[in-house]
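Coordinates from coords-v1.cif are shown below (mmCIF, C-alpha atoms).
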```cif
data_work
loop_
_atom_site.label_atom_id
_atom_site.label_comp_id
_atom_site.auth_asym_id
_atom_site.auth_seq_id
_atom_site.Cartn_x
_atom_site.Cartn_y
_atom_site.Cartn_z
CA MET A 341 0.00 0.00 0.00
CA ALA A 342 2.76 2.43 0.90
CA GLU A 343 4.63 1.68 -2.31
CA ARG A 344 1.43 2.16 -4.28
CA ARG A 345 1.08 5.66 -2.81
CA THR A 346 4.72 6.74 -3.23
CA GLY A 347 5.54 4.81 -6.41
CA GLN A 348 9.25 5.19 -5.71
CA ALA A 349 10.31 1.77 -6.97
CA ALA A 350 8.13 1.79 -10.08
CA GLY A 351 8.65 5.43 -10.96
CA LEU A 352 12.30 5.96 -10.06
CA VAL A 353 14.34 2.82 -9.36
CA LEU A 354 13.11 0.61 -12.23
CA PRO A 355 13.70 3.08 -15.12
CA PHE A 356 17.14 4.06 -13.80
CA ALA A 357 18.10 0.40 -13.38
CA ALA A 358 17.19 -0.34 -17.00
CA ALA A 359 19.08 2.77 -18.12
CA ALA A 360 22.13 1.69 -16.08
CA LEU A 361 22.14 -1.69 -17.82
CA VAL A 362 22.03 0.00 -21.24
CA VAL A 363 24.85 2.40 -20.30
CA LEU A 364 27.02 -0.48 -19.08
CA ALA A 365 26.50 -2.36 -22.33
CA ILE A 366 27.40 0.74 -24.37
CA ALA A 367 30.47 1.37 -22.21
CA VAL A 368 31.78 -2.16 -22.80
CA GLY A 369 31.55 -1.75 -26.56
CA ALA A 370 30.49 -3.85 -29.52
CA ASP A 371 32.46 -6.98 -28.65
CA ALA A 372 29.64 -9.53 -28.71
CA ALA A 373 31.71 -12.33 -27.19
CA LEU A 374 32.84 -10.10 -24.31
CA LEU A 375 29.29 -8.86 -23.69
CA ARG A 376 27.99 -12.43 -23.62
CA ARG A 377 30.70 -13.45 -21.15
CA ILE A 378 30.29 -10.59 -18.69
CA GLY A 379 26.55 -10.04 -19.21
CA PRO A 380 25.37 -12.09 -16.20
CA GLY A 381 27.78 -10.26 -13.91
CA LEU A 382 26.63 -6.83 -15.11
CA TYR A 383 23.00 -7.88 -14.78
CA TRP A 384 23.41 -8.99 -11.18
CA ALA A 385 25.50 -5.94 -10.32
CA VAL A 386 22.61 -3.71 -11.41
CA VAL A 387 20.05 -5.91 -9.63
CA ILE A 388 21.97 -5.76 -6.35
CA LEU A 389 22.75 -2.04 -6.49
CA PHE A 390 19.23 -0.95 -7.40
CA GLY A 391 17.63 -3.71 -5.33
CA SER A 392 19.43 -2.26 -2.33
CA LEU A 393 17.71 1.04 -3.06
CA VAL A 394 14.37 -0.77 -3.07
CA THR A 395 15.02 -2.12 0.42
CA ALA A 396 15.84 1.41 1.60
CA ARG A 397 12.60 2.92 0.29
CA PRO A 398 10.76 5.22 2.72
CA SER A 399 7.93 2.72 3.18
CA VAL A 400 10.38 0.42 5.00
CA GLU A 401 11.43 3.07 7.47
CA SER A 402 9.19 3.50 10.48
CA SER A 403 9.52 6.34 12.89
CA THR A 404 9.39 5.72 16.62
CA PRO A 405 5.79 7.06 16.89
CA HIS A 406 4.76 4.76 14.05
CA ARG A 407 6.27 1.74 15.77
CA GLU A 408 4.66 2.73 19.05
CA MET A 409 1.31 2.93 17.29
CA LEU A 410 1.83 -0.54 15.80
CA ALA A 411 2.73 -1.84 19.26
CA LEU A 412 -0.45 -0.34 20.72
CA LEU A 413 -2.44 -2.01 17.95
CA GLY A 414 -0.86 -5.33 18.87
CA VAL A 415 1.04 -5.79 15.61
CA ASP A 416 3.85 -8.29 16.10
CA PRO A 417 7.20 -6.66 15.11
CA ILE A 418 8.25 -9.94 13.55
CA ALA A 419 5.17 -9.92 11.33
CA SER A 420 5.95 -6.34 10.33
CA TYR A 421 9.54 -7.29 9.49
CA LEU A 422 8.45 -10.30 7.44
CA ALA A 423 5.85 -8.20 5.60
CA ASN A 424 8.50 -5.62 4.68
CA THR A 425 10.83 -8.40 3.53
CA VAL A 426 8.18 -10.04 1.34
CA ALA A 427 7.22 -6.67 -0.16
CA ALA A 428 10.85 -5.87 -0.93
CA ALA A 429 11.42 -9.33 -2.42
CA ALA A 430 8.38 -8.90 -4.66
CA MET A 431 9.63 -5.54 -5.93
CA ILE A 432 13.13 -6.92 -6.50
CA GLY A 433 11.51 -9.77 -8.42
CA VAL A 434 9.69 -7.23 -10.60
CA LEU A 435 13.00 -5.42 -11.09
CA GLN A 436 14.61 -8.65 -12.27
CA ALA A 437 11.69 -9.45 -14.57
CA ILE A 438 11.96 -6.04 -16.23
CA LEU A 439 15.76 -6.16 -16.55
CA ALA A 440 15.92 -9.76 -17.81
CA PRO A 441 14.66 -9.15 -21.38
CA VAL A 442 16.84 -6.01 -21.58
CA ALA A 443 19.88 -8.09 -20.60
CA LEU A 444 18.96 -10.88 -23.01
CA VAL A 445 18.87 -8.43 -25.92
CA LEU A 446 21.88 -6.32 -24.94
CA PHE A 447 24.21 -9.18 -24.04
CA ASP A 448 22.81 -11.85 -26.40
CA LEU A 449 22.53 -14.28 -23.50
CA PRO A 450 21.49 -17.86 -24.27
CA LEU A 451 18.29 -19.23 -22.78
CA ARG A 452 19.45 -22.33 -20.94
CA ALA A 453 18.37 -24.13 -17.77
CA LEU A 454 15.25 -22.06 -17.17
CA ALA A 455 14.55 -23.84 -13.87
CA SER A 456 17.93 -22.87 -12.38
CA THR A 457 17.59 -19.32 -13.67
CA VAL A 458 14.16 -18.91 -12.08
CA ALA A 459 15.35 -20.54 -8.85
CA VAL A 460 18.34 -18.21 -8.44
CA ALA A 461 16.13 -15.22 -9.31
CA VAL A 462 13.55 -16.11 -6.65
CA LEU A 463 16.10 -17.06 -3.99
CA GLY A 464 18.23 -14.04 -4.88
CA SER A 465 15.27 -11.69 -4.49
CA LEU A 466 14.47 -13.14 -1.08
CA ALA A 467 18.11 -13.07 0.07
CA LEU A 468 18.67 -9.47 -1.05
CA ALA A 469 15.37 -8.35 0.46
CA SER A 470 16.20 -10.09 3.74
CA ILE A 471 19.64 -8.48 3.93
CA GLY A 472 18.30 -5.04 3.04
CA THR A 473 15.39 -5.17 5.46
CA LEU A 474 17.74 -6.42 8.18
CA ALA A 475 20.04 -3.45 7.46
CA ALA A 476 17.02 -1.14 7.72
CA GLU A 477 16.10 -2.67 11.07
CA LEU A 478 19.64 -2.30 12.42
CA SER A 479 20.01 1.29 11.24
CA ARG A 480 16.56 2.43 12.28
CA ASP A 481 17.60 3.52 15.77
CA GLN A 482 21.10 4.68 14.85
CA ARG A 483 20.07 7.94 13.14
CA ILE A 484 22.11 7.20 10.04
CA GLY A 485 19.25 7.52 7.56
CA ALA A 486 18.03 5.43 4.66
CA SER A 487 20.84 6.62 2.38
CA PHE A 488 23.31 4.45 4.29
CA ILE A 489 21.24 1.26 4.02
CA PRO A 490 22.55 0.40 0.50
CA LEU A 491 26.10 0.93 1.80
CA ILE A 492 25.39 -1.79 4.37
CA THR A 493 23.43 -4.06 2.05
CA THR A 494 25.74 -4.07 -0.97
CA PRO A 495 28.89 -5.54 0.70
CA LEU A 496 26.79 -8.20 2.44
CA ALA A 497 25.26 -9.13 -0.93
CA VAL A 498 28.62 -9.78 -2.63
CA PRO A 499 28.37 -13.58 -2.05
CA LEU A 500 24.92 -13.44 -3.64
CA ALA A 501 26.35 -11.82 -6.77
CA ILE A 502 29.15 -14.40 -6.94
CA ALA A 503 26.74 -17.31 -6.50
CA ALA A 504 24.25 -16.00 -9.06
CA VAL A 505 26.95 -15.49 -11.67
CA GLN A 506 28.37 -18.94 -10.95
CA VAL A 507 24.94 -20.46 -11.58
CA ALA A 508 24.93 -18.85 -15.02
CA GLU A 509 28.50 -20.03 -15.63
CA ALA A 510 27.65 -23.57 -14.53
CA GLU A 511 24.72 -23.78 -16.91
CA THR A 512 26.80 -22.39 -19.78
CA TYR A 513 29.72 -24.78 -19.28
CA ASP A 514 27.76 -27.79 -17.96
CA GLY A 515 28.93 -27.38 -14.38
CA ALA A 516 27.13 -27.96 -11.09
CA SER A 517 24.77 -25.15 -10.13
CA LEU A 518 23.18 -26.79 -7.08
CA PRO A 519 25.93 -25.80 -4.58
CA TRP A 520 25.59 -22.15 -5.61
CA LEU A 521 21.80 -22.30 -5.35
CA LEU A 522 22.19 -23.74 -1.85
CA LEU A 523 24.52 -20.86 -0.95
CA VAL A 524 21.89 -18.30 -2.03
CA ALA A 525 19.22 -20.20 -0.10
CA ALA A 526 21.45 -20.29 2.99
CA MET A 527 22.00 -16.53 2.75
CA ALA A 528 18.25 -15.97 2.63
CA VAL A 529 17.64 -18.24 5.63
CA VAL A 530 20.41 -16.67 7.74
CA ALA A 531 19.33 -13.11 6.90
CA LEU A 532 15.68 -13.92 7.62
CA ALA A 533 16.51 -15.57 10.94
CA SER A 534 18.76 -12.66 11.94
CA GLY A 535 16.05 -10.19 11.00
CA VAL A 536 13.45 -12.02 13.06
CA LEU A 537 15.72 -11.88 16.11
CA VAL A 538 16.49 -8.19 15.59
CA ALA A 539 12.81 -7.37 15.08
CA ARG A 540 11.91 -9.27 18.23
CA PHE A 541 14.35 -7.37 20.45
CA THR A 542 14.09 -3.92 18.86
CA GLY A 543 10.32 -4.21 18.57
CA GLY A 544 10.01 -5.26 22.16
CA SER A 545 12.07 -2.33 23.36
CA ALA A 546 10.37 0.35 21.23
#
```
Could you rewrite the structure in this file as structure tokens?
Amino acid sequence: MAERRTGQAAGLVLPFAAAALVVLAIAVGADAALLRRIGPGLYWAVVILFGSLVTARPSVESSTPHREMLALLGVDPIASYLANTVAAAAMIGVLQAILAPVALVLFDLPLRALASTVAVAVLGSLALASIGTLAAELSRDQRIGASFIPLITTPLAVPLAIAAVQVAEAETYDGASLPWLLLVAAMAVVALASGVLVARFTGGSA
């Protein structure tokens, strides 16, 4: 509902993310073989950078009065955290869905192993959303502002970028993608569990 009112992700983040992908492709040049080789890495770099902005959107941030109101209404802070995470994951999924055809055209990427591609996209959205929402929870009481949330989220998401690119590499060169998918899933589980604990303690003390 909050995103529907503000429209920040749809109106600002998504167009700039697509533009960033186009600019990166132009900057690399017309070497089709090089573009095809580095395309997955550039795609996931844009997804992580702009996905981090999605997790830092104003609808995630709650002021102290807002949290106190939710506490008075009996809203479980864990439920609020999980709702924010699911909303962020959905928007990151939309971001990926919009960028995917752009990347396919720009980098001439082959369509192989659709199941693994969809799996890493879904798990990657959840992992990035969990990390970003956790960063928002941790920074909420530190007075550092939403602008610093991507600076926290992006370094923590580096293993996600490596794993996602390795899945693409494995499918291209007939390697094993399952270990990398498990790494992304583990990141999502750890970030979700950490966020639940943080929400429990910070929500209880608000």
All residues 9 Å or closer to range 462-473 of chain A, all atoms listed in the file, same chain fewer than 4 positions away omitted, as a VMD selection string: chain A and resid 388 391 to 396 400 421 to 422 424 to 433 436 457 to 458 477 to 478 489 to 490 492 to 494 496 to 497 500 to 501 504 521 524 to 532 534 to 535
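Of the listed residues (A:Ala443, A:Leu474, A:Ala503, A:Leu364), A:Ala503 comes nearest to Pro519 in chain A; the distances count all atoms listed in the file.
The space separating CA of Ala372 in chain A from CA of Val445 in chain A comes to 11.2 Å.
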Pick out the closest residue to Ala359 in chain A from this set: A:Val386, A:Ala437, A:Leu537, A:Leu523. Count all atoms listed in the file.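 Smallest separation from Ala359 in chain A among the options: A:Val386.
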With distances taken over only C-alpha atoms, the candidate from A:Leu352, A:Ala367, A:Leu375, A:Leu522 nearest Asp448 in chain A is A:Leu375
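The space between CA of Val353 in chain A and CA of Ala459 in chain A spans 23.4 Å.
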Rounded to one decimal in Å, what is the spacing between CA of Leu354 in chain A and CA of Leu435 in chain A? 6.1 Å
Taking only C-alpha atoms into account, which of A:Ala508, A:Leu491, A:Ala476, A:Ala423 comes nearest Leu449 in chain A? A:Ala508
So what does the PyMOL selection byres ((chain A and resi 360) around 12) actually pick up in this one, as a ChimeraX atom specification? /A:353-359,361-367,382-387,389-390,439,442-443,446
So which one's closest to Arg376 in chain A, A:Glu509, A:Pro417, A:Phe488, A:Ile438? Using only C-alpha atoms, please.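 Looking only at the distances to Arg376 in chain A, the closest residue turns out to be A:Glu509.
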Write out as a list of chain:residue names the residues lying within 9 Å of Ala516 in chain A, counting only C-alpha atoms and excluding same-chain residues fewer than 5 positions away. A:Val507, A:Ala510, A:Glu511
Place N, CA and C atoms on range 370-390 of chain A and deliver the coordinates as a compact mmCIF listing (two decimals), in the coordinates of the input.
```txt
# COMPACT_ATOMS: atom_id res chain seq x y z
N ALA A 370 31.21 -2.99 -28.58
CA ALA A 370 30.49 -3.85 -29.52
C ALA A 370 31.06 -5.26 -29.60
N ASP A 371 31.89 -5.64 -28.66
CA ASP A 371 32.46 -6.98 -28.65
C ASP A 371 31.41 -7.96 -28.14
N ALA A 372 30.75 -8.66 -29.07
CA ALA A 372 29.64 -9.53 -28.71
C ALA A 372 30.07 -10.66 -27.78
N ALA A 373 31.23 -11.23 -28.03
CA ALA A 373 31.71 -12.33 -27.19
C ALA A 373 31.97 -11.85 -25.76
N LEU A 374 32.57 -10.66 -25.64
CA LEU A 374 32.84 -10.10 -24.31
C LEU A 374 31.53 -9.78 -23.59
N LEU A 375 30.58 -9.18 -24.29
CA LEU A 375 29.29 -8.86 -23.69
C LEU A 375 28.58 -10.12 -23.20
N ARG A 376 28.65 -11.18 -24.00
CA ARG A 376 27.99 -12.43 -23.62
C ARG A 376 28.65 -13.04 -22.39
N ARG A 377 29.97 -12.86 -22.27
CA ARG A 377 30.70 -13.45 -21.15
C ARG A 377 30.46 -12.69 -19.84
N ILE A 378 30.43 -11.38 -19.92
CA ILE A 378 30.29 -10.59 -18.69
C ILE A 378 28.85 -10.15 -18.43
N GLY A 379 27.95 -10.48 -19.35
CA GLY A 379 26.55 -10.04 -19.21
C GLY A 379 25.90 -10.44 -17.89
N PRO A 380 25.99 -11.72 -17.47
CA PRO A 380 25.37 -12.09 -16.20
C PRO A 380 25.90 -11.30 -15.01
N GLY A 381 27.21 -11.03 -15.00
CA GLY A 381 27.78 -10.26 -13.91
C GLY A 381 27.26 -8.83 -13.88
N LEU A 382 27.16 -8.20 -15.05
CA LEU A 382 26.63 -6.83 -15.11
C LEU A 382 25.17 -6.81 -14.71
N TYR A 383 24.42 -7.81 -15.14
CA TYR A 383 23.00 -7.88 -14.78
C TYR A 383 22.82 -7.95 -13.27
N TRP A 384 23.57 -8.84 -12.62
CA TRP A 384 23.41 -8.99 -11.18
C TRP A 384 23.99 -7.81 -10.42
N ALA A 385 24.98 -7.15 -10.97
CA ALA A 385 25.50 -5.94 -10.32
C ALA A 385 24.41 -4.87 -10.27
N VAL A 386 23.70 -4.70 -11.37
CA VAL A 386 22.61 -3.71 -11.41
C VAL A 386 21.47 -4.13 -10.49
N VAL A 387 21.14 -5.43 -10.50
CA VAL A 387 20.05 -5.91 -9.63
C VAL A 387 20.37 -5.64 -8.16
N ILE A 388 21.60 -5.93 -7.76
CA ILE A 388 21.97 -5.76 -6.35
C ILE A 388 22.02 -4.28 -5.96
N LEU A 389 22.63 -3.46 -6.81
CA LEU A 389 22.75 -2.04 -6.49
C LEU A 389 21.38 -1.37 -6.40
N PHE A 390 20.54 -1.60 -7.40
CA PHE A 390 19.23 -0.95 -7.40
C PHE A 390 18.25 -1.69 -6.49
```
